[in-house]
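Next up, coords.txt (compact mmCIF, C-alpha atoms):
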# COMPACT_ATOMS: atom_id res chain seq x y z
CA MET A 108 18.76 4.65 -16.87
CA ASN A 109 15.74 4.01 -14.72
CA PRO A 110 13.51 7.08 -14.21
CA ASP A 111 11.71 5.56 -11.21
CA ARG A 112 14.99 4.85 -9.46
CA ASP A 113 16.31 8.35 -10.18
CA ASP A 114 13.11 10.00 -8.98
CA ALA A 115 13.02 7.82 -5.85
CA ALA A 116 16.59 8.96 -5.09
CA ARG A 117 15.52 12.60 -5.55
CA LEU A 118 12.55 12.12 -3.25
CA ARG A 119 14.83 10.48 -0.66
CA ARG A 120 16.89 13.68 -0.67
CA GLY A 121 13.69 15.67 -0.08
CA ASP A 122 13.38 16.96 -3.64
CA THR A 123 9.70 17.13 -4.66
CA ALA A 124 10.66 16.96 -8.34
CA GLY A 125 11.19 13.25 -7.67
CA LEU A 126 7.61 12.94 -6.50
CA THR A 127 6.31 14.78 -9.57
CA GLY A 128 8.06 12.25 -11.81
CA LEU A 129 6.85 9.23 -9.87
CA MET A 130 3.28 10.51 -9.70
CA GLY A 131 3.24 11.35 -13.38
CA ARG A 132 4.12 7.78 -14.30
CA HIS A 133 2.05 5.90 -11.71
CA GLN A 134 -0.93 8.04 -10.68
CA GLU A 135 -3.46 6.69 -13.15
CA ARG A 136 -2.77 3.02 -12.49
CA LEU A 137 -2.68 3.63 -8.76
CA PHE A 138 -5.96 5.52 -8.69
CA ARG A 139 -7.72 2.92 -10.85
CA TYR A 140 -6.45 0.12 -8.61
CA LEU A 141 -7.58 1.90 -5.41
CA LEU A 142 -10.95 2.68 -6.89
CA ARG A 143 -11.53 -0.95 -7.86
CA LEU A 144 -10.36 -2.25 -4.50
CA LEU A 145 -12.24 0.27 -2.35
CA GLY A 146 -15.29 0.65 -4.56
CA ASP A 147 -15.88 4.30 -3.63
CA GLU A 148 -14.41 7.34 -5.34
CA THR A 149 -14.16 9.56 -2.25
CA VAL A 150 -12.48 6.85 -0.22
CA ALA A 151 -10.17 6.06 -3.14
CA GLU A 152 -9.16 9.73 -3.34
CA ASP A 153 -8.27 9.75 0.36
CA ALA A 154 -6.31 6.54 -0.02
CA PHE A 155 -4.53 7.94 -3.08
CA GLN A 156 -3.37 10.97 -1.11
CA GLN A 157 -2.38 8.90 1.92
CA THR A 158 -0.43 6.52 -0.29
CA TRP A 159 1.80 9.25 -1.72
CA VAL A 160 2.33 10.78 1.71
CA ARG A 161 3.31 7.34 3.00
CA VAL A 162 5.62 6.89 0.01
CA ALA A 163 7.36 10.18 0.87
CA GLU A 164 7.68 9.08 4.51
CA ARG A 165 8.99 5.59 3.73
CA ILE A 166 11.00 6.20 0.57
CA GLY A 167 14.18 5.45 2.54
CA ARG A 168 13.03 1.84 2.78
CA TYR A 169 12.43 1.37 -0.92
CA ASP A 170 14.99 -1.02 -2.39
CA ALA A 171 16.09 0.68 -5.62
CA ALA A 172 17.23 -2.66 -7.03
CA ARG A 173 13.56 -3.66 -7.36
CA PRO A 174 10.87 -2.09 -9.55
CA PHE A 175 9.03 0.82 -7.95
CA GLY A 176 5.50 -0.12 -9.13
CA PRO A 177 4.98 -3.24 -6.97
CA TRP A 178 6.38 -1.44 -3.92
CA LEU A 179 3.99 1.46 -4.51
CA PHE A 180 1.04 -0.90 -4.94
CA GLY A 181 2.09 -2.70 -1.75
CA VAL A 182 1.97 0.57 0.21
CA ALA A 183 -1.42 1.43 -1.32
CA ARG A 184 -2.76 -2.06 -0.67
CA ASN A 185 -1.84 -1.98 3.02
CA LEU A 186 -3.56 1.37 3.47
CA ALA A 187 -6.66 0.28 1.54
CA LEU A 188 -6.99 -3.02 3.40
CA ASP A 189 -6.61 -1.21 6.74
CA HIS A 190 -9.46 1.06 5.70
CA LEU A 191 -11.65 -1.86 4.61
CA ARG A 192 -10.95 -3.75 7.83
CA ARG A 193 -11.97 -0.72 9.89
CA ARG A 194 -15.15 -0.37 7.88
CA ARG A 195 -16.01 -4.06 7.91
CA PRO A 196 -13.84 -6.06 10.28
CA GLU A 197 -15.42 -9.48 9.65
CA SER A 198 -14.14 -10.25 6.13
CA LEU A 199 -12.81 -8.65 2.96
CA ASP A 200 -13.95 -11.66 1.08
CA GLU A 201 -17.63 -10.84 1.35
CA VAL A 202 -19.81 -8.62 -0.73
CA ASP A 203 -20.71 -5.10 0.36
CA GLU A 204 -24.44 -4.48 0.51
CA PRO A 205 -24.95 -1.58 -1.90
CA ALA A 206 -26.96 1.38 -0.70
CA THR A 207 -30.39 1.35 -2.37
CA PRO A 208 -31.76 4.72 -3.50
CA HIS A 209 -35.04 5.77 -1.93
CA GLU A 210 -38.09 4.70 -3.92
CA SER A 211 -39.32 8.29 -4.06
CA ASP A 212 -36.35 9.18 -6.28
CA PRO A 213 -37.18 7.48 -9.62
CA LEU A 214 -34.20 8.96 -11.47
CA ALA A 215 -31.74 7.64 -8.89
CA LEU A 216 -33.48 4.26 -8.96
CA ALA A 217 -33.34 4.07 -12.75
CA THR A 218 -29.68 5.07 -12.79
CA ALA A 219 -28.83 2.52 -10.13
CA ARG A 220 -30.65 -0.24 -12.03
CA GLN A 221 -28.91 0.66 -15.27
CA ARG A 222 -25.52 0.67 -13.59
CA GLU A 223 -26.13 -2.61 -11.84
CA ALA A 224 -27.15 -4.28 -15.08
CA GLY A 225 -23.79 -3.80 -16.79
CA LEU A 226 -20.40 -5.38 -16.33
CA ALA A 227 -19.24 -2.49 -14.13
CA GLY A 228 -22.20 -3.11 -11.84
CA ALA A 229 -21.43 -6.82 -11.64
CA VAL A 230 -17.79 -6.07 -10.80
CA ALA A 231 -18.85 -3.48 -8.21
CA ALA A 232 -21.06 -6.10 -6.57
CA LEU A 233 -18.09 -8.42 -5.98
CA ALA A 234 -16.13 -8.62 -2.72
CA PRO A 235 -13.12 -6.25 -2.49
CA LEU A 236 -10.54 -9.02 -2.85
CA ASP A 237 -12.30 -10.35 -5.96
CA ARG A 238 -12.40 -6.88 -7.53
CA GLU A 239 -8.73 -6.45 -6.69
CA VAL A 240 -7.52 -9.62 -8.36
CA LEU A 241 -9.55 -8.94 -11.52
CA ALA A 242 -8.26 -5.36 -11.74
CA LEU A 243 -4.66 -6.45 -11.34
CA ARG A 244 -4.94 -9.15 -13.98
CA PHE A 245 -7.16 -7.57 -16.61
CA GLU A 246 -6.66 -3.83 -16.18
CA GLU A 247 -3.09 -3.66 -14.91
CA GLU A 248 -2.22 -6.71 -17.01
CA LEU A 249 0.02 -8.25 -14.38
CA ALA A 250 1.22 -11.76 -15.17
CA LEU A 251 0.47 -14.41 -12.55
CA PRO A 252 3.87 -14.21 -10.74
CA GLN A 253 3.68 -10.39 -10.47
CA LEU A 254 0.04 -10.65 -9.43
CA ALA A 255 0.99 -13.10 -6.66
CA ALA A 256 3.85 -10.83 -5.54
CA THR A 257 1.54 -7.81 -5.35
CA LEU A 258 -1.01 -9.77 -3.32
CA GLY A 259 1.76 -11.18 -1.13
CA VAL A 260 0.65 -14.78 -1.70
CA PRO A 261 2.12 -17.86 -3.46
CA VAL A 262 1.32 -18.28 -7.18
CA PRO A 263 -1.14 -21.19 -6.66
CA THR A 264 -3.10 -19.07 -4.16
CA ALA A 265 -3.22 -16.15 -6.60
CA LYS A 266 -4.42 -18.53 -9.29
CA ALA A 267 -7.17 -19.87 -7.03
CA ARG A 268 -8.27 -16.31 -6.16
CA LEU A 269 -8.39 -15.38 -9.83
CA TYR A 270 -10.47 -18.42 -10.65
CA ARG A 271 -12.87 -17.75 -7.79
CA ALA A 272 -13.28 -14.08 -8.74
CA LEU A 273 -14.06 -14.98 -12.36
CA ALA A 274 -16.54 -17.65 -11.31
CA ARG A 275 -18.29 -15.20 -8.98
CA LEU A 276 -18.35 -12.53 -11.68
CA ARG A 277 -20.00 -14.97 -14.05
CA GLU A 278 -22.66 -15.75 -11.43
CA LYS A 279 -23.37 -12.03 -11.03
CA LEU A 280 -23.65 -11.51 -14.76
CA LEU A 281 -25.93 -14.51 -15.23
CA ALA A 282 -28.14 -13.34 -12.38
CA ARG A 283 -28.47 -9.87 -13.98
CA ALA A 284 -28.96 -10.45 -17.67
CA PRO A 285 -28.07 -13.92 -18.92
CA ALA A 286 -28.58 -13.27 -22.64
CA GLU A 287 -26.67 -10.02 -23.04
CA GLU A 288 -24.02 -10.39 -20.38
CA TRP A 289 -22.75 -13.86 -20.99
CA GLN A 290 -22.84 -15.37 -24.44
CA MET B 49 -12.67 -36.75 -27.46
CA SER B 50 -10.97 -36.14 -24.09
CA GLY B 51 -12.96 -34.93 -21.01
CA HIS B 52 -14.37 -31.40 -20.94
CA VAL B 53 -12.10 -28.64 -19.72
CA THR B 54 -14.81 -26.27 -18.44
CA GLU B 55 -13.00 -25.71 -15.14
CA LEU B 56 -9.88 -24.50 -16.91
CA LEU B 57 -11.58 -22.02 -19.25
CA PRO B 58 -11.77 -18.99 -16.89
CA LEU B 59 -8.05 -19.23 -16.18
CA ALA B 60 -7.33 -19.84 -19.86
CA ALA B 61 -9.06 -16.52 -20.65
CA ALA B 62 -6.94 -14.90 -17.95
CA GLY B 63 -3.74 -16.37 -19.41
CA ALA B 64 -3.06 -18.04 -16.08
CA LEU B 65 -2.64 -21.66 -17.09
CA ASP B 66 0.67 -23.51 -17.06
CA PRO B 67 1.97 -24.88 -20.39
CA GLU B 68 0.63 -28.38 -19.78
CA GLU B 69 -2.88 -27.10 -18.98
CA THR B 70 -2.79 -24.77 -21.97
CA ALA B 71 -1.92 -27.65 -24.31
CA ARG B 72 -4.74 -29.74 -22.85
CA VAL B 73 -7.27 -26.93 -23.34
CA GLU B 74 -6.14 -26.20 -26.91
CA THR B 75 -6.36 -29.85 -27.88
CA HIS B 76 -9.83 -30.18 -26.40
CA LEU B 77 -11.18 -26.99 -27.97
CA ARG B 78 -10.33 -28.29 -31.46
CA GLU B 79 -12.65 -31.23 -30.83
CA CYS B 80 -15.46 -29.80 -28.65
CA ALA B 81 -17.79 -27.11 -29.97
CA ALA B 82 -19.52 -26.62 -26.60
CA CYS B 83 -16.26 -25.92 -24.77
CA ALA B 84 -15.04 -23.75 -27.66
CA SER B 85 -18.18 -21.62 -27.36
CA GLU B 86 -17.74 -21.37 -23.59
CA ALA B 87 -14.06 -20.42 -24.08
CA GLY B 88 -15.16 -17.66 -26.47
CA ALA B 89 -17.54 -16.26 -23.84
CA TRP B 90 -14.76 -16.22 -21.22
CA ARG B 91 -12.35 -14.60 -23.66
CA ARG B 92 -14.85 -11.85 -24.47
CA LEU B 93 -15.44 -11.28 -20.77
CA GLY B 94 -11.69 -10.90 -20.25
CA GLU B 95 -11.51 -8.36 -23.08
CA ARG B 96 -14.42 -6.38 -21.64
CA LEU B 97 -12.77 -6.34 -18.22
CA GLY B 98 -9.66 -4.88 -19.81
CA ARG B 99 -11.72 -2.18 -21.50
CA MET B 100 -13.70 -1.06 -18.46
CA PRO B 101 -13.90 2.75 -18.10
CA SER B 102 -10.64 3.90 -16.61
CA PRO B 103 -11.09 6.72 -14.10
CA ARG B 104 -8.28 9.23 -13.66
CA PRO B 105 -7.35 11.26 -10.61
CA SER B 106 -8.56 14.84 -10.97
CA ARG B 107 -6.08 17.73 -11.20
CA ALA B 108 -7.40 19.02 -7.89
CA LEU B 109 -6.65 15.67 -6.24
CA VAL B 110 -3.12 15.60 -7.67
CA ALA B 111 -2.54 19.19 -6.47
CA ARG B 112 -3.87 18.37 -2.98
CA THR B 113 -1.64 15.32 -2.85
CA MET B 114 1.46 17.28 -3.85
CA GLU B 115 0.66 19.82 -1.15
CA ALA B 116 0.25 17.11 1.48
CA VAL B 117 3.54 15.48 0.49
CA GLU B 118 5.38 18.80 0.61
CA GLU B 119 4.08 19.33 4.14
CA CYS B 120 5.23 15.85 5.05
CA LEU B 121 8.72 16.49 3.61
CA ALA B 122 8.97 19.79 5.51
CA GLU B 123 8.00 17.98 8.71
CA ARG B 124 10.60 15.30 7.98
CA ARG B 125 13.32 17.93 7.54
CA GLU B 126 12.31 19.55 10.83
CA THR B 127 12.26 16.21 12.63
CA ALA B 128 15.72 15.36 11.26
CA TRP B 129 17.08 18.71 12.41
CA ASN B 130 15.52 18.31 15.87
CA ARG B 131 16.92 14.84 16.20
CA ALA B 132 20.41 15.98 15.21
CA ALA B 133 20.25 18.90 17.66
CA LEU B 134 19.03 16.66 20.46
CA GLY B 135 21.73 14.09 19.70
CA PHE B 136 24.37 16.79 19.83
CA LEU B 137 23.03 18.07 23.17
CA VAL B 138 23.08 14.58 24.67
CA ALA B 139 26.67 14.04 23.50
CA PHE B 140 27.63 17.47 24.83
CA ALA B 141 26.01 16.73 28.23
CA TRP B 142 27.87 13.43 28.54
CA THR B 143 31.16 15.08 27.62
CA LEU B 144 30.61 17.85 30.16
CA ALA B 145 29.76 15.32 32.86
CA VAL B 146 32.90 13.25 32.22
CA VAL B 147 35.12 16.32 32.00
CA SER B 148 33.65 17.79 35.18
CA TRP B 149 34.42 14.54 37.02
CA LEU B 150 38.04 14.81 35.94
CA LEU B 151 38.07 18.47 36.96
CA LEU B 152 36.73 17.54 40.39
CA ASP B 153 39.64 15.17 40.83
CA LEU B 154 42.00 17.88 39.73
CA VAL B 155 40.47 20.55 42.07
CA THR B 156 40.38 18.37 45.19
CA GLY B 157 43.90 17.23 44.46
CA GLU B 158 43.22 13.60 45.20
CA MET B 159 40.63 10.92 44.65
CA ALA B 160 38.65 11.83 47.76
CA LEU B 161 35.58 9.82 46.89
CA ARG B 162 37.45 6.70 45.88
CA LEU B 163 39.57 6.82 49.07
CA GLY B 164 36.44 6.97 51.23
CA ARG B 165 37.42 10.16 53.01
CA SER B 166 34.75 12.65 53.99
CA VAL B 167 34.20 15.38 51.47
CA GLY B 168 33.18 18.93 52.14
CA PRO B 169 29.64 20.22 51.41
CA THR B 170 30.69 21.96 48.17
CA ALA B 171 32.27 18.83 46.80
CA ALA B 172 29.20 16.76 47.82
CA TRP B 173 26.87 19.12 45.95
CA TYR B 174 29.20 18.97 43.00
CA VAL B 175 29.08 15.18 42.96
CA ALA B 176 25.27 15.27 43.20
CA TYR B 177 25.18 17.69 40.27
CA VAL B 178 27.36 15.40 38.16
CA ILE B 179 25.24 12.33 38.95
CA ALA B 180 22.04 14.25 38.14
CA GLY B 181 23.60 15.32 34.83
CA TRP B 182 24.44 11.70 33.99
CA LEU B 183 20.92 10.51 34.86
CA ALA B 184 19.32 13.26 32.73
CA ALA B 185 21.52 12.40 29.76
CA GLY B 186 20.73 8.69 30.19
CA ALA B 187 16.99 9.41 30.30
CA ALA B 188 17.27 11.52 27.14
CA VAL B 189 19.02 8.64 25.36
CA VAL B 190 16.27 6.19 26.39
CA LEU B 191 13.50 8.59 25.31
CA LEU B 192 15.19 9.25 21.98
CA GLY B 193 15.59 5.53 21.36
CA ARG B 194 11.91 4.82 22.10
CA ARG B 195 10.78 7.66 19.84
CA ALA B 196 12.98 6.44 16.99
CA GLN B 197 11.53 2.94 17.46
CA GLU B 198 7.95 4.27 17.29
CA GLU B 199 8.70 6.32 14.17
CA GLY B 200 10.30 3.31 12.58
CA ARG B 201 7.25 1.09 12.72
CA THR B 202 6.21 -0.15 9.27
CA VAL B 203 2.96 0.48 7.41
Just give me the structure of the file as structure tokens.
Amino acid sequence: MNPDRDDAARLRRGDTAGLTGLMGRHQERLFRYLLRLLGDETVAEDAFQQTWVRVAERIGRYDAARPFGPWLFGVARNLALDHLRRRRPESLDEVDEPATPHESDPLALATARQREAGLAGAVAALAPLDREVLALRFEEELALPQLAATLGVPVPTAKARLYRALARLREKLLARAPAEEWQ
Amino acid sequence: MSGHVTELLPLAAAGALDPEETARVETHLRECAACASEAGAWRRLGERLGRMPSPRPSRALVARTMEAVEECLAERRETAWNRAALGFLVAFAWTLAVVSWLLLDLVTGEMALRLGRSVGPTAAWYVAYVIAGWLAAGAAVVLLGRRAQEEGRTV
């Protein structure tokens, strides 16, 4: 008895009850992953909606012998990376320049500074692919082979990406507040 | 004391070392206070990453998404019906064309075209009609095939 497989079969027949089941089980993880990868809530919401529409369109291609989660994340990843490439075609491995609030808005400035000082700010300041690998490992708790499969790369490459993301995160934390954020 | 294992500590905190590397790190940490302290910092960072605030999709977003998917499914049903209807029409056109050719043979009483004899104006128009029917059906098949190919492109 595999609820994902049963719901995928329902959705393939055009029954939206299948979608309700799949969304109920996967929506939180999917949204969190998209938010980390895209770094913007509005964009993540669009990508979330597009992902489920794409799932409904392509459900005939889902191989029910395999787990549904990685396939879903693969669909979401392709859509998110397409969006990021359109926004910034040069590289997904570089840091986004965050928008700085205008100096005449002290509350916005203070809020931005507070946010940037914490771990969430340091993570947000990383490149999309660094944020992605950290989210998959530490929030989604994927083991290295599953992480590599989701990224579509060999295990040693996934390992190298994970190492690089952690090293960059440490640099960000040390640059912000060495005493509180590291030791 | 063996050499420091600083480079392995981030991946150790991520649980991404192979068994040999894990054994090397564990052995070293028992002997080296500096590396043990560094390992602790990485471990705490890993724990904090796992506890980061976890945003959830709003109910409104979920409702919007369900609505969008339902529209998509309705469109898919319509497309499937259209495709089936078009396929049937193409098959029907081909069948009519073939049958009409046989009927022509039957009506003229002999294989006038194949024997190279001159045919009357009615028969000539009839032949033109049949050929036009075949060409139209062929074009429909090609167009259908190209459309199916476009729809089939992956994400």
Would you write out, as CSV, a table of all residues in chain A that have an atom no more than 6 Å from an atom of chain B, listing for each the closest atom pair and the distance in Å to one decimal, considering all atoms listed in the file and ordering rows by chain and rising residue number?
residue,atom,partner,partner_atom,distance
A:Glu135,CA,B:Arg104,CA,5.5
A:Gln156,CA,B:Thr113,CA,5.0
A:Val160,CA,B:Val117,CA,5.0
A:Phe245,CA,B:Gly98,CA,4.9
A:Glu246,CA,B:Gly98,CA,4.8
A:Gln290,CA,B:Ala89,CA,5.4
For the atom pair CA of Ala154 (chain A) and CA of Tyr140 (chain A), what is the interatomic distance in Å to one decimal place? 10.7 Å
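One finds CA of Ala133 (chain B) at 26.3 Å from CA of Leu151 (chain B).
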Around the point (1.1, -10.6, -4.7) in the file's coordinates, collect all residues with an atom within 12 Å, using all atoms listed in the file, and return them as JSON, numbers by chain. {"A": [177, 178, 180, 181, 184, 185, 236, 239, 240, 243, 244, 249, 250, 251, 252, 253, 254, 255, 256, 257, 258, 259, 260, 261, 262, 263, 264, 265, 266, 268, 269]}
Distance in Å - CA of Leu191 (chain B) versus CA of Ile166 (chain A):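 It comes out at 25.0 Å.
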Compare B:Trp149, B:Trp182, B:Gly51, B:Trp129 by their minimum atom-to-atom distance to Ala82 (chain B), counting all atoms listed in the file, and give me the closest one. B:Gly51
So that I can see what lies close to Ala171 (chain A), please list as JSON, numbers by chain the residues with an atom at most 8 Å from it, counting all atoms listed in the file and leaving out residues fewer than 4 positions away in the same chain. {"A": [112, 115, 175]}
For region 141-144 of chain A, find every residue with an atom within 6 Å (counting all atoms listed in the file), except residues of its own chain fewer than 5 positions away, and show them as an MDAnalysis selection string. chainID A and resid 151 235 238:239
Could you save those same residues with C-alpha atoms as a CSV table (one decimal), in the frame of the given file?
chain,number,residue,atom,x,y,z
A,151,ALA,CA,-10.2,6.1,-3.1
A,235,PRO,CA,-13.1,-6.2,-2.5
A,238,ARG,CA,-12.4,-6.9,-7.5
A,239,GLU,CA,-8.7,-6.4,-6.7
Kindly complete region 143-153 of chain A to all heavy atoms; the output should be written as a PDB file, in the coordinates of the input.
ATOM      1  N   ARG A 143     -10.960   0.401  -7.729  1.00  0.00           N
ATOM      2  CA  ARG A 143     -11.530  -0.950  -7.860  1.00  0.00           C
ATOM      3  C   ARG A 143     -11.543  -1.653  -6.504  1.00  0.00           C
ATOM      4  O   ARG A 143     -12.515  -2.320  -6.155  1.00  0.00           O
ATOM      5  CB  ARG A 143     -10.707  -1.792  -8.837  1.00  0.00           C
ATOM      6  CG  ARG A 143     -10.675  -1.251 -10.244  1.00  0.00           C
ATOM      7  CD  ARG A 143     -11.980  -1.458 -11.004  1.00  0.00           C
ATOM      8  NE  ARG A 143     -11.829  -1.016 -12.376  1.00  0.00           N
ATOM      9  CZ  ARG A 143     -12.497  -0.013 -12.927  1.00  0.00           C
ATOM     10  NH1 ARG A 143     -13.401   0.648 -12.244  1.00  0.00           N
ATOM     11  NH2 ARG A 143     -12.287   0.323 -14.182  1.00  0.00           N
ATOM     12  N   LEU A 144     -10.457  -1.525  -5.769  1.00  0.00           N
ATOM     13  CA  LEU A 144     -10.360  -2.250  -4.500  1.00  0.00           C
ATOM     14  C   LEU A 144     -11.333  -1.674  -3.467  1.00  0.00           C
ATOM     15  O   LEU A 144     -11.996  -2.422  -2.754  1.00  0.00           O
ATOM     16  CB  LEU A 144      -8.910  -2.172  -3.983  1.00  0.00           C
ATOM     17  CG  LEU A 144      -8.609  -2.803  -2.623  1.00  0.00           C
ATOM     18  CD1 LEU A 144      -9.045  -4.267  -2.584  1.00  0.00           C
ATOM     19  CD2 LEU A 144      -7.111  -2.732  -2.329  1.00  0.00           C
ATOM     20  N   LEU A 145     -11.429  -0.358  -3.399  1.00  0.00           N
ATOM     21  CA  LEU A 145     -12.240   0.270  -2.350  1.00  0.00           C
ATOM     22  C   LEU A 145     -13.689   0.462  -2.764  1.00  0.00           C
ATOM     23  O   LEU A 145     -14.569   0.559  -1.922  1.00  0.00           O
ATOM     24  CB  LEU A 145     -11.611   1.611  -1.955  1.00  0.00           C
ATOM     25  CG  LEU A 145     -10.268   1.464  -1.230  1.00  0.00           C
ATOM     26  CD1 LEU A 145      -9.498   2.779  -1.242  1.00  0.00           C
ATOM     27  CD2 LEU A 145     -10.474   1.002   0.196  1.00  0.00           C
ATOM     28  N   GLY A 146     -13.921   0.573  -4.074  1.00  0.00           N
ATOM     29  CA  GLY A 146     -15.290   0.650  -4.560  1.00  0.00           C
ATOM     30  C   GLY A 146     -15.998   1.969  -4.284  1.00  0.00           C
ATOM     31  O   GLY A 146     -17.220   2.031  -4.357  1.00  0.00           O
ATOM     32  N   ASP A 147     -15.263   2.999  -3.932  1.00  0.00           N
ATOM     33  CA  ASP A 147     -15.880   4.300  -3.630  1.00  0.00           C
ATOM     34  C   ASP A 147     -14.882   5.396  -3.984  1.00  0.00           C
ATOM     35  O   ASP A 147     -13.737   5.387  -3.517  1.00  0.00           O
ATOM     36  CB  ASP A 147     -16.206   4.342  -2.125  1.00  0.00           C
ATOM     37  CG  ASP A 147     -16.858   5.655  -1.726  1.00  0.00           C
ATOM     38  OD1 ASP A 147     -16.202   6.708  -1.774  1.00  0.00           O
ATOM     39  OD2 ASP A 147     -18.038   5.618  -1.353  1.00  0.00           O
ATOM     40  N   GLU A 148     -15.341   6.347  -4.808  1.00  0.00           N
ATOM     41  CA  GLU A 148     -14.410   7.340  -5.340  1.00  0.00           C
ATOM     42  C   GLU A 148     -13.822   8.242  -4.249  1.00  0.00           C
ATOM     43  O   GLU A 148     -12.631   8.532  -4.252  1.00  0.00           O
ATOM     44  CB  GLU A 148     -15.110   8.184  -6.400  1.00  0.00           C
ATOM     45  CG  GLU A 148     -14.119   9.011  -7.190  1.00  0.00           C
ATOM     46  CD  GLU A 148     -14.683   9.511  -8.513  1.00  0.00           C
ATOM     47  OE1 GLU A 148     -15.759   9.038  -8.913  1.00  0.00           O
ATOM     48  OE2 GLU A 148     -14.039  10.367  -9.121  1.00  0.00           O
ATOM     49  N   THR A 149     -14.664   8.664  -3.310  1.00  0.00           N
ATOM     50  CA  THR A 149     -14.160   9.560  -2.250  1.00  0.00           C
ATOM     51  C   THR A 149     -13.121   8.851  -1.394  1.00  0.00           C
ATOM     52  O   THR A 149     -12.064   9.420  -1.077  1.00  0.00           O
ATOM     53  CB  THR A 149     -15.340  10.019  -1.356  1.00  0.00           C
ATOM     54  OG1 THR A 149     -16.368  10.510  -2.208  1.00  0.00           O
ATOM     55  CG2 THR A 149     -14.908  11.101  -0.408  1.00  0.00           C
ATOM     56  N   VAL A 150     -13.422   7.617  -1.043  1.00  0.00           N
ATOM     57  CA  VAL A 150     -12.480   6.850  -0.220  1.00  0.00           C
ATOM     58  C   VAL A 150     -11.188   6.589  -1.009  1.00  0.00           C
ATOM     59  O   VAL A 150     -10.078   6.676  -0.464  1.00  0.00           O
ATOM     60  CB  VAL A 150     -13.131   5.509   0.223  1.00  0.00           C
ATOM     61  CG1 VAL A 150     -12.147   4.689   1.037  1.00  0.00           C
ATOM     62  CG2 VAL A 150     -14.386   5.770   1.029  1.00  0.00           C
ATOM     63  N   ALA A 151     -11.356   6.306  -2.305  1.00  0.00           N
ATOM     64  CA  ALA A 151     -10.170   6.060  -3.140  1.00  0.00           C
ATOM     65  C   ALA A 151      -9.302   7.315  -3.226  1.00  0.00           C
ATOM     66  O   ALA A 151      -8.063   7.224  -3.224  1.00  0.00           O
ATOM     67  CB  ALA A 151     -10.603   5.613  -4.539  1.00  0.00           C
ATOM     68  N   GLU A 152      -9.932   8.474  -3.285  1.00  0.00           N
ATOM     69  CA  GLU A 152      -9.160   9.730  -3.340  1.00  0.00           C
ATOM     70  C   GLU A 152      -8.352   9.924  -2.058  1.00  0.00           C
ATOM     71  O   GLU A 152      -7.184  10.298  -2.094  1.00  0.00           O
ATOM     72  CB  GLU A 152     -10.098  10.921  -3.558  1.00  0.00           C
ATOM     73  CG  GLU A 152     -10.609  11.002  -4.981  1.00  0.00           C
ATOM     74  CD  GLU A 152     -11.410  12.268  -5.233  1.00  0.00           C
ATOM     75  OE1 GLU A 152     -11.676  13.014  -4.274  1.00  0.00           O
ATOM     76  OE2 GLU A 152     -11.777  12.505  -6.396  1.00  0.00           O
ATOM     77  N   ASP A 153      -8.989   9.643  -0.912  1.00  0.00           N
ATOM     78  CA  ASP A 153      -8.270   9.750   0.360  1.00  0.00           C
ATOM     79  C   ASP A 153      -7.091   8.782   0.400  1.00  0.00           C
ATOM     80  O   ASP A 153      -5.986   9.130   0.819  1.00  0.00           O
ATOM     81  CB  ASP A 153      -9.207   9.428   1.544  1.00  0.00           C
ATOM     82  CG  ASP A 153     -10.164  10.577   1.818  1.00  0.00           C
ATOM     83  OD1 ASP A 153      -9.922  11.669   1.284  1.00  0.00           O
ATOM     84  OD2 ASP A 153     -11.149  10.369   2.554  1.00  0.00           O
TER      85      ASP A 153
END
